[in-house]
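Participant: See data36.cif below, with mmCIF, C-alpha atoms.
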```cif
data_my_file
loop_
_atom_site.label_atom_id
_atom_site.label_comp_id
_atom_site.auth_asym_id
_atom_site.auth_seq_id
_atom_site.Cartn_x
_atom_site.Cartn_y
_atom_site.Cartn_z
CA MET A 13 106.47 124.08 119.96
CA PRO A 14 105.44 127.77 120.30
CA PHE A 15 104.66 129.17 123.71
CA ASN A 16 101.08 129.86 124.75
CA PHE A 17 101.22 131.52 128.16
CA GLN A 18 98.07 131.75 130.25
CA PRO A 19 97.51 133.96 133.33
CA PHE A 20 97.87 132.27 136.69
CA SER A 21 97.81 134.15 140.01
CA HIS A 22 101.09 136.13 140.12
CA SER A 23 102.56 134.54 137.02
CA ALA A 24 101.98 133.25 133.52
CA VAL A 25 102.17 129.55 132.73
CA ASP A 26 102.60 127.64 129.50
CA PRO A 27 101.19 124.23 130.45
CA ILE A 28 102.38 122.49 127.27
CA ASN A 29 106.05 123.52 127.64
CA ASN A 30 105.82 123.52 131.48
CA VAL A 31 107.38 127.00 131.73
CA SER A 32 106.19 129.71 134.08
CA VAL A 33 107.08 133.41 134.28
CA LEU A 34 106.71 135.07 137.65
CA ARG A 35 105.43 138.63 137.89
CA PRO A 36 108.65 140.64 137.92
CA ARG A 37 110.42 142.51 140.62
CA MET A 38 110.21 146.19 139.63
CA LEU A 39 112.66 148.92 140.55
CA PRO A 40 112.87 152.60 139.58
CA VAL A 41 115.62 153.40 137.09
CA ALA A 42 116.93 156.42 135.19
CA LEU A 43 116.60 155.66 131.48
CA SER A 44 119.35 156.53 128.98
CA ASN A 45 117.35 159.60 127.85
CA GLY A 46 117.27 160.91 131.45
CA ASP A 47 113.60 160.06 132.05
CA GLN A 48 112.49 157.98 134.99
CA GLY A 49 111.53 154.43 134.16
CA THR A 50 111.22 150.95 135.58
CA GLU A 51 113.58 148.00 135.58
CA TYR A 52 111.74 144.68 135.31
CA GLN A 53 113.48 141.59 136.71
CA TYR A 54 111.79 138.36 135.61
CA SER A 55 112.36 134.76 136.73
CA PHE A 56 111.42 131.72 134.65
CA TYR A 57 110.71 128.27 136.08
CA ARG A 58 110.11 124.75 134.89
CA GLY A 59 108.24 123.17 137.76
CA ASP A 60 110.15 124.21 140.90
CA LYS A 61 113.46 124.71 139.09
CA ARG A 62 114.57 128.21 138.07
CA ILE A 63 115.76 128.02 134.47
CA ALA A 64 116.41 131.65 133.58
CA GLY A 65 116.27 135.29 134.59
CA LEU A 66 115.88 138.37 132.43
CA GLY A 67 115.99 142.08 133.12
CA MET A 68 114.83 144.95 130.95
CA GLU A 69 113.84 148.57 131.25
CA GLY A 70 110.64 150.30 130.36
CA HIS A 71 108.59 153.39 130.89
CA ASP A 72 104.97 154.16 131.58
CA GLU A 73 102.47 156.83 130.70
CA ILE A 74 98.84 157.77 131.26
CA VAL A 75 96.90 157.97 128.01
CA GLU A 76 93.42 159.17 127.24
CA ARG A 77 91.56 157.69 124.27
CA GLU A 78 87.98 158.61 123.54
CA GLY A 79 87.30 159.44 127.21
CA TYR A 80 88.97 156.26 128.42
CA THR A 81 92.02 156.66 130.69
CA GLU A 82 94.62 153.93 130.75
CA HIS A 83 98.01 153.50 132.46
CA VAL A 84 100.33 151.99 129.83
CA PHE A 85 103.53 150.19 130.77
CA TRP A 86 106.08 149.71 127.96
CA LEU A 87 108.56 146.81 128.22
CA ASP A 88 111.58 147.51 126.00
CA LEU A 89 112.97 144.34 124.45
CA GLY A 90 114.85 146.37 121.84
CA ARG A 91 118.44 145.96 122.99
CA VAL A 92 120.67 143.61 121.01
CA PRO A 93 122.37 142.06 124.09
CA PHE A 94 118.93 141.33 125.60
CA ILE A 95 117.74 139.60 122.42
CA LYS A 96 120.98 137.58 122.16
CA THR A 97 120.63 136.47 125.78
CA LEU A 98 117.05 135.48 125.12
CA ILE A 99 118.15 133.40 122.12
CA ASP A 100 120.90 131.81 124.26
CA TYR A 101 118.19 130.69 126.70
CA LYS A 102 116.26 128.92 123.94
CA PRO A 103 117.59 125.41 124.78
CA ASP A 104 116.90 125.98 128.49
CA PHE A 105 113.26 126.63 127.63
CA GLY A 106 113.17 123.54 125.42
CA ALA A 107 112.26 125.75 122.47
CA THR A 108 113.02 124.89 118.88
CA GLY A 109 112.10 126.44 115.58
CA ASN A 110 111.79 130.03 114.47
CA ASP A 111 113.63 132.59 116.64
CA PHE A 112 111.10 135.38 116.07
CA VAL A 113 108.16 133.17 117.07
CA TYR A 114 110.14 132.21 120.18
CA VAL A 115 110.91 135.86 121.09
CA ARG A 116 107.27 136.82 120.59
CA GLY A 117 106.18 133.86 122.74
CA ILE A 118 108.45 134.91 125.59
CA ALA A 119 107.18 138.50 125.27
CA GLN A 120 103.65 137.15 125.62
CA GLY A 121 104.70 135.49 128.89
CA LEU A 122 106.24 138.73 130.16
CA VAL A 123 103.04 140.72 129.75
CA MET A 124 100.73 137.83 130.64
CA ALA A 125 102.42 137.60 134.07
CA PHE A 126 100.44 140.74 134.95
CA ALA A 127 97.08 139.45 133.66
CA GLY A 128 95.98 137.92 136.96
CA ARG A 129 95.97 141.30 138.72
CA THR A 130 92.84 142.10 140.69
CA ASP A 131 94.20 144.94 142.84
CA ASN A 132 94.30 147.72 140.25
CA ASP A 133 92.15 150.83 140.65
CA GLU A 134 92.86 151.97 137.09
CA ASN A 135 92.78 150.48 133.60
CA LEU A 136 96.16 149.00 132.75
CA ARG A 137 97.93 147.97 129.55
CA TYR A 138 101.28 146.16 129.37
CA VAL A 139 103.03 146.32 126.01
CA ALA A 140 106.23 144.48 124.98
CA VAL A 141 108.02 146.05 122.01
CA THR A 142 111.35 145.73 120.24
CA LYS A 143 113.08 147.34 117.29
CA ALA A 144 113.43 145.72 113.88
CA ASP A 145 117.08 146.76 113.61
CA ALA A 146 117.86 145.22 117.03
CA LEU A 147 116.27 141.94 115.95
CA THR A 148 118.30 141.98 112.72
CA ALA A 149 121.54 142.79 114.57
CA ALA A 150 120.86 139.82 116.90
CA GLY A 151 120.27 137.54 113.90
CA VAL A 152 116.49 137.26 114.37
CA LEU A 153 114.41 137.62 111.23
CA ILE A 154 110.80 138.78 111.34
CA SER A 155 109.35 135.84 109.51
CA ASP A 156 105.60 136.17 109.61
CA GLY A 157 104.69 139.52 108.10
CA THR A 158 104.45 141.24 111.49
CA PRO A 159 104.01 144.96 110.84
CA ILE A 160 106.90 147.32 111.58
CA ALA A 161 106.04 150.89 112.61
CA GLU A 162 107.61 153.83 110.79
CA ASP A 163 110.15 154.29 113.61
CA GLY A 164 111.15 150.59 113.45
CA THR A 165 109.11 149.50 116.48
CA VAL A 166 107.73 145.96 116.44
CA LEU A 167 104.82 145.08 118.74
CA LEU A 168 105.51 141.69 120.31
CA ALA A 169 102.70 141.31 122.86
CA GLU A 170 100.21 143.27 124.93
CA ILE A 171 97.58 142.70 127.55
CA VAL A 172 94.78 144.97 128.79
CA ILE A 173 93.63 144.70 132.39
CA PRO A 174 90.44 146.62 133.26
CA ALA A 175 90.16 148.36 136.62
CA SER A 176 89.02 146.01 139.40
CA LEU A 177 85.51 146.44 140.73
CA ARG A 178 86.35 145.62 144.35
#
```
Starting from the file, give its structure as structure tokens.

Facilitator:
Amino acid sequence: MPFNFQPFSHSAVDPINNVSVLRPRMLPVALSNGDQGTEYQYSFYRGDKRIAGLGMEGHDEIVEREGYTEHVFWLDLGRVPFIKTLIDYKPDFGATGNDFVYVRGIAQGLVMAFAGRTDNDENLRYVAVTKADALTAAGVLISDGTPIAEDGTVLLAEIVIPASLR
């Protein structure tokens, strides 16, 4: 059954599959291109039992669109070892079926873990992306006509969180 994560406090929960993703621990990291980025360390639970952990890197930027400022956080799921590890976790999550649908479902949980935020003074966007060639190298086929950008980027999931009106 595909995942359908919903926001819940400091996590995302899929009530059907009984899997939750905690909001990650975040640490500064130097990316391979020399830029500063963020390392995201996620934990996954089924009930009170930890079933998996995943780490990935990302970067962030401030963008302005039509007078609207937004802080965008990019989660990079485009490394072959990361995708293979994610596929290896599939039985632990109780997932069956299409690998790409599974990867996209997990990506939804990763970004949805931030959706319950109410402490942000700015507009936020969390975006999980991968690369088509990394998916192929890991044996995952894009099976549903998902668009692939010119540079090979595949959008897996995103969430927009408006600034809080505290």

Participant: Between atom CA of A:Pro14 and atom CA of A:Gly117, measure the distance and give it in Å to one decimal.

Facilitator: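 Calculated distance between atom CA of A:Pro14 and atom CA of A:Gly117 is 6.6 Å.
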
Participant: Within 10 Å of (106.6, 134.3, 126.7) in the file's own coordinates, which protein, DNA or RNA residues have an atom, counting only C-alpha atoms? List them as number ranges by chain.

Facilitator: A: 14-18, 24-26, 31-33, 56, 113-125, 168-169

Participant: Please dump the current selection as a compact mmCIF listing (two decimals), keeping the file's coordinate frame; keep C-alpha atoms.

Facilitator:
```
# COMPACT_ATOMS: atom_id res chain seq x y z
CA PRO A 14 105.44 127.77 120.30
CA PHE A 15 104.66 129.17 123.71
CA ASN A 16 101.08 129.86 124.75
CA PHE A 17 101.22 131.52 128.16
CA GLN A 18 98.07 131.75 130.25
CA ALA A 24 101.98 133.25 133.52
CA VAL A 25 102.17 129.55 132.73
CA ASP A 26 102.60 127.64 129.50
CA VAL A 31 107.38 127.00 131.73
CA SER A 32 106.19 129.71 134.08
CA VAL A 33 107.08 133.41 134.28
CA PHE A 56 111.42 131.72 134.65
CA VAL A 113 108.16 133.17 117.07
CA TYR A 114 110.14 132.21 120.18
CA VAL A 115 110.91 135.86 121.09
CA ARG A 116 107.27 136.82 120.59
CA GLY A 117 106.18 133.86 122.74
CA ILE A 118 108.45 134.91 125.59
CA ALA A 119 107.18 138.50 125.27
CA GLN A 120 103.65 137.15 125.62
CA GLY A 121 104.70 135.49 128.89
CA LEU A 122 106.24 138.73 130.16
CA VAL A 123 103.04 140.72 129.75
CA MET A 124 100.73 137.83 130.64
CA ALA A 125 102.42 137.60 134.07
CA LEU A 168 105.51 141.69 120.31
CA ALA A 169 102.70 141.31 122.86
```

Participant: Pull the neighbourhood of (120.1, 137.1, 123.2) for me: all residues within 12 Å in file coordinates, counting all atoms listed in the file, as a ChimeraX atom specification.

Facilitator: /A:66-67,89-102,111-112,114-115,146-152

Participant: Please write as a PyMOL selection string the full residue list that the PyMOL selection byres ((chain A and resi 174) around 8) yields on this file.

Facilitator: chain A and resi 134-136+172-173+175-176

Participant: In Å, rounded to a single decimal, give me how far atom CA of A:Glu170 is from atom CA of A:Ala127.

Facilitator: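 According to the coordinates, atom CA of A:Ala127 and atom CA of A:Glu170 are separated by 10.0 Å.
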
Participant: So what does the PyMOL selection byres ((chain A and resi 163) around 12) actually pick up in this one, as a PyMOL selection string?

Facilitator: chain A and resi 141-145+159-162+164-167

Participant: Please evaluate the PyMOL selection byres ((chain A and resi 34) around 6) against the displayed coordinates and give the resulting residues as a count of residues only.

Facilitator: 5

Participant: One number please: atom CA of A:Asp72 to atom CA of A:Tyr52, in Å, one decimal.

Facilitator: 12.2 Å

Participant: Once 5 Å is added on each side, what centre and edge lengths in Å to one decimal does the axis-aligned box around all listed atoms of stretch 136-142 of chain A have, as lines of an AutoDock Vina configuration file?

Facilitator:
```
center_x = 103.8
center_y = 146.7
center_z = 126.5
size_x = 25.2
size_y = 14.5
size_z = 22.5
```
